[in-house]
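K.L.:
Provided herewith is a single structure, encoded as structure tokens, for subsequent inquiry.
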Amino acid sequence: MAKSCFCYSPLHLQHLTQHQNRNLVQFKYPTFPSPRPHHQNLIFLLNFSPSVSSHYHLFAFPPRRPNFVVNALDSDTPHHQGSVKVGRNESYEQWDSLTSKFSGAANIPFLLLQMPQIILNARNLMSGNKTALFAITWLGMLTSLLGNLSLLSYFAKKREKEAMVVQTLGVVSTYVVLVQLALAETMPLPYFLATSVVVAAGLVLNFMNYFGLLNAGIWRFWEDFITIGGLSVLPQIMWSTFVPFIPNSILPGAISFVIAILAVTMARSGKLSEEGVKFVGGISGWTATLLFMWMPVSQMWTNFLNPENMKGLSAVSMLLAMLGNGLMLPRALLIRDFMWFTGSAWATFFYGYGNLACLFFLNIISKEFFLAATVGLVSWIG
């Protein structure tokens, strides 16, 4: 599958037909008077006793004020331009730089995650074995591509360049796979051509918006497009996961499409309240996040129905997915982005580590491999 901030492997999309924190209470990060103890590691911020001055942190970020509020549906604003207003002291700047490096480092496992599939497809195409590419459903890859484009738009508005790079790699690598599927004639040509137009437009518009070169009206049209697309696809994918146990129907997607059109139209015509407009504005990011969060659910369901198919699941891919998403967690926590944190945490624990656990219990991977992955994850999160 495509790389994303909450990224999954491309081989496990076959059963899929597949933001916004502006009004945050201002807070400041005080400079620490003394070094943090070595046991205070990098994940969740937990205060065991709010009444005492000494706190125990599993994520050694500077503490926040008690009245701090996160409004995840309104996190469009760049964190350094108002969505999280902070006292720019030395402590915050250090964490800002460090977590940005972690996000940048996530590109390595995400790139490695997709490359084996691209290389394998290329070998099969060059040997004339086009039927091997039928194992990858083009509709699943297309849905993943839509999720990447939606998240690219989300992070472009937040000016999170490291996360933008991850999403861009996801879009490009997924498109490369779709090119290979089109060459193998598993993806219909009209759909491929339409996808090519959307990919080109999406990349150009997002980067023009990031550099401040895009007209606001054009950007609103693009946002409306990904909002309608995401909201239409998500319920349909959820429904299709459980076919044939439930009737095969396009009704969920059709109903969602109508609702999305109405919501966007009312928001743009001024018929919704300010809160309603913010809610509609947050839909695209959350639908993309939920698309990626649904993928491990679908994979677990497939594992349950066909445990013998687990032998075709790559343990290395699951490990890379866990590593890449785990590296995103510190940045999401630092800037208080609930949507980003939710998607990355879900992918780390349920998709990456969860599938490794399934592989271990079915005796597909060794005890040493699973133990090493467990120790690494526990050490990272504290």
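Ligands are numbered from 1 in the order shown, chains are lettered A, B, ... in the order of the structure tokens, and residues start at 1 in each chain.
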If you count only C-alpha atoms, which residues fall within 7 Å of Met322 (chain A), apart from same-chain ones fewer than 2 positions away, as a list in words?
P.N.:
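The contact residues come out as Met318, Leu319, Leu320, Gly324, Asn325, Gly326, Ala347, Thr348, Gly352 and Tyr353 of chain A.
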K.L.:
May I have the residues within 10 Å of Val264 (chain A) as an MDAnalysis selection string, using only C-alpha atoms and disregarding those fewer than 6 positions away in the same chain?
P.N.:
chainID A and resid 223:225 227:228 272 277 280:281
K.L.:
Restricting the output to N, CA, C and O atoms, write the selected residues as a PDB file, in the first residue's frame.
P.N.:
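Saved file result.pdb follows:
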```pdb
ATOM      1  N   GLU A 223     -10.258  21.259  -1.748  1.00  0.00           N
ATOM      2  CA  GLU A 223     -10.678  20.743  -0.442  1.00  0.00           C
ATOM      3  C   GLU A 223     -12.064  20.115  -0.515  1.00  0.00           C
ATOM      4  O   GLU A 223     -12.317  19.062   0.089  1.00  0.00           O
ATOM      5  N   ASP A 224     -12.967  20.765  -1.249  1.00  0.00           N
ATOM      6  CA  ASP A 224     -14.313  20.204  -1.402  1.00  0.00           C
ATOM      7  C   ASP A 224     -14.261  18.865  -2.129  1.00  0.00           C
ATOM      8  O   ASP A 224     -14.980  17.917  -1.782  1.00  0.00           O
ATOM      9  N   PHE A 225     -13.381  18.772  -3.110  1.00  0.00           N
ATOM     10  CA  PHE A 225     -13.243  17.534  -3.884  1.00  0.00           C
ATOM     11  C   PHE A 225     -12.793  16.376  -3.002  1.00  0.00           C
ATOM     12  O   PHE A 225     -13.383  15.285  -3.030  1.00  0.00           O
ATOM     13  N   THR A 227     -12.951  16.206   0.232  1.00  0.00           N
ATOM     14  CA  THR A 227     -13.946  15.965   1.281  1.00  0.00           C
ATOM     15  C   THR A 227     -15.047  15.050   0.766  1.00  0.00           C
ATOM     16  O   THR A 227     -15.414  14.062   1.423  1.00  0.00           O
ATOM     17  N   ILE A 228     -15.583  15.362  -0.405  1.00  0.00           N
ATOM     18  CA  ILE A 228     -16.645  14.545  -0.988  1.00  0.00           C
ATOM     19  C   ILE A 228     -16.125  13.145  -1.317  1.00  0.00           C
ATOM     20  O   ILE A 228     -16.785  12.135  -1.029  1.00  0.00           O
ATOM     21  N   LEU A 272     -24.560  27.079   7.225  1.00  0.00           N
ATOM     22  CA  LEU A 272     -24.156  26.387   8.440  1.00  0.00           C
ATOM     23  C   LEU A 272     -23.554  27.383   9.424  1.00  0.00           C
ATOM     24  O   LEU A 272     -23.045  28.438   9.039  1.00  0.00           O
ATOM     25  N   VAL A 277     -19.246  24.796   9.805  1.00  0.00           N
ATOM     26  CA  VAL A 277     -18.258  24.985   8.738  1.00  0.00           C
ATOM     27  C   VAL A 277     -16.928  24.361   9.131  1.00  0.00           C
ATOM     28  O   VAL A 277     -16.257  23.710   8.324  1.00  0.00           O
ATOM     29  N   VAL A 280     -17.202  20.532   8.775  1.00  0.00           N
ATOM     30  CA  VAL A 280     -17.087  20.104   7.381  1.00  0.00           C
ATOM     31  C   VAL A 280     -15.641  20.226   6.901  1.00  0.00           C
ATOM     32  O   VAL A 280     -15.133  19.363   6.184  1.00  0.00           O
ATOM     33  N   GLY A 281     -14.960  21.285   7.331  1.00  0.00           N
ATOM     34  CA  GLY A 281     -13.571  21.470   6.948  1.00  0.00           C
ATOM     35  C   GLY A 281     -12.652  20.390   7.486  1.00  0.00           C
ATOM     36  O   GLY A 281     -11.588  20.128   6.918  1.00  0.00           O
TER      37      GLY A 281
END
```
K.L.:
Pick out each residue of region 86-177 of chain A that DSSP on the backbone tags as alpha helix (DSSP H); I need them as a count of residues only.
P.N.:
74
K.L.:
Would you give me, as a Markdown table, each residue of region 244-326 of chain A having an atom within 12 Å of an atom of region 139-147 of chain A, along with its shortest atom pair and that distance in Å to one decimal, using only C-alpha atoms and sorting by chain and residue number?
P.N.:
```
| residue | atom | partner | partner_atom | distance |
| --- | --- | --- | --- | --- |
| A:Ser284 | CA | A:Gly147 | CA | 8.8 |
| A:Gly285 | CA | A:Gly147 | CA | 8.5 |
| A:Trp286 | CA | A:Gly147 | CA | 9.7 |
| A:Thr287 | CA | A:Gly147 | CA | 7.8 |
| A:Ala288 | CA | A:Gly147 | CA | 4.5 |
| A:Thr289 | CA | A:Gly147 | CA | 7.3 |
| A:Leu290 | CA | A:Gly147 | CA | 9.0 |
| A:Leu291 | CA | A:Gly147 | CA | 6.8 |
| A:Phe292 | CA | A:Gly147 | CA | 7.3 |
| A:Met293 | CA | A:Gly147 | CA | 10.8 |
| A:Trp294 | CA | A:Ser144 | CA | 11.2 |
| A:Met295 | CA | A:Ser144 | CA | 9.6 |
| A:Ser298 | CA | A:Gly140 | CA | 11.7 |
```
K.L.:
Any chance you can output those residues with N, CA, C and O atoms as a short mmCIF file (atom, residue, chain, number, x, y, z; two decimals), in the first residue's frame?
P.N.:
```cif
data_model
loop_
_atom_site.label_atom_id
_atom_site.label_comp_id
_atom_site.auth_asym_id
_atom_site.auth_seq_id
_atom_site.Cartn_x
_atom_site.Cartn_y
_atom_site.Cartn_z
N SER A 284 -12.24 15.89 5.62
CA SER A 284 -11.30 15.23 4.69
C SER A 284 -10.13 14.59 5.42
O SER A 284 -9.73 13.46 5.12
N GLY A 285 -9.56 15.30 6.40
CA GLY A 285 -8.45 14.74 7.15
C GLY A 285 -8.85 13.52 7.95
O GLY A 285 -8.13 12.51 7.98
N TRP A 286 -10.02 13.60 8.58
CA TRP A 286 -10.46 12.47 9.39
C TRP A 286 -10.88 11.28 8.55
O TRP A 286 -10.66 10.12 8.95
N THR A 287 -11.51 11.51 7.39
CA THR A 287 -11.87 10.36 6.55
C THR A 287 -10.62 9.66 6.03
O THR A 287 -10.58 8.43 5.96
N ALA A 288 -9.59 10.43 5.68
CA ALA A 288 -8.33 9.81 5.25
C ALA A 288 -7.72 9.00 6.39
O ALA A 288 -7.25 7.87 6.19
N THR A 289 -7.74 9.58 7.59
CA THR A 289 -7.19 8.87 8.75
C THR A 289 -7.97 7.58 9.02
O THR A 289 -7.39 6.52 9.26
N LEU A 290 -9.30 7.68 8.97
CA LEU A 290 -10.13 6.50 9.23
C LEU A 290 -9.98 5.44 8.14
O LEU A 290 -10.10 4.25 8.42
N LEU A 291 -9.72 5.88 6.90
CA LEU A 291 -9.44 4.91 5.84
C LEU A 291 -8.23 4.06 6.20
O LEU A 291 -8.26 2.83 6.09
N PHE A 292 -7.17 4.73 6.62
CA PHE A 292 -5.96 3.99 6.97
C PHE A 292 -6.16 3.18 8.25
O PHE A 292 -5.60 2.10 8.40
N MET A 293 -6.96 3.71 9.18
CA MET A 293 -7.22 2.97 10.41
C MET A 293 -8.08 1.74 10.15
O MET A 293 -8.01 0.76 10.90
N TRP A 294 -8.90 1.79 9.09
CA TRP A 294 -9.75 0.64 8.80
C TRP A 294 -8.97 -0.50 8.18
O TRP A 294 -9.37 -1.67 8.27
N MET A 295 -7.83 -0.20 7.56
CA MET A 295 -7.06 -1.24 6.89
C MET A 295 -6.61 -2.36 7.82
O MET A 295 -6.72 -3.54 7.49
N SER A 298 -9.59 -4.57 8.50
CA SER A 298 -9.84 -5.47 7.38
C SER A 298 -8.83 -6.61 7.35
O SER A 298 -9.17 -7.77 7.09
#
```
K.L.:
So how far away is CA of Ser240 (chain A) from CA of Phe349 (chain A), in Å?
P.N.:
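These two atoms are separated by 23.9 Å.
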K.L.:
For Met164 (chain A), find every residue with an atom within 12 Å (counting only C-alpha atoms), except residues of its own chain fewer than 6 positions away, and show them as a ChimeraX atom specification.
P.N.:
/A:3-5,100,103-104,106-107,148-158,170-171,203,206-207,210
K.L.:
In Å, with one decimal, what is the gap from CA of Ser249 (chain A) to CA of Pro188 (chain A)?
P.N.:
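Atom-to-atom, CA of Ser249 (chain A) to CA of Pro188 (chain A), that is 21.4 Å.
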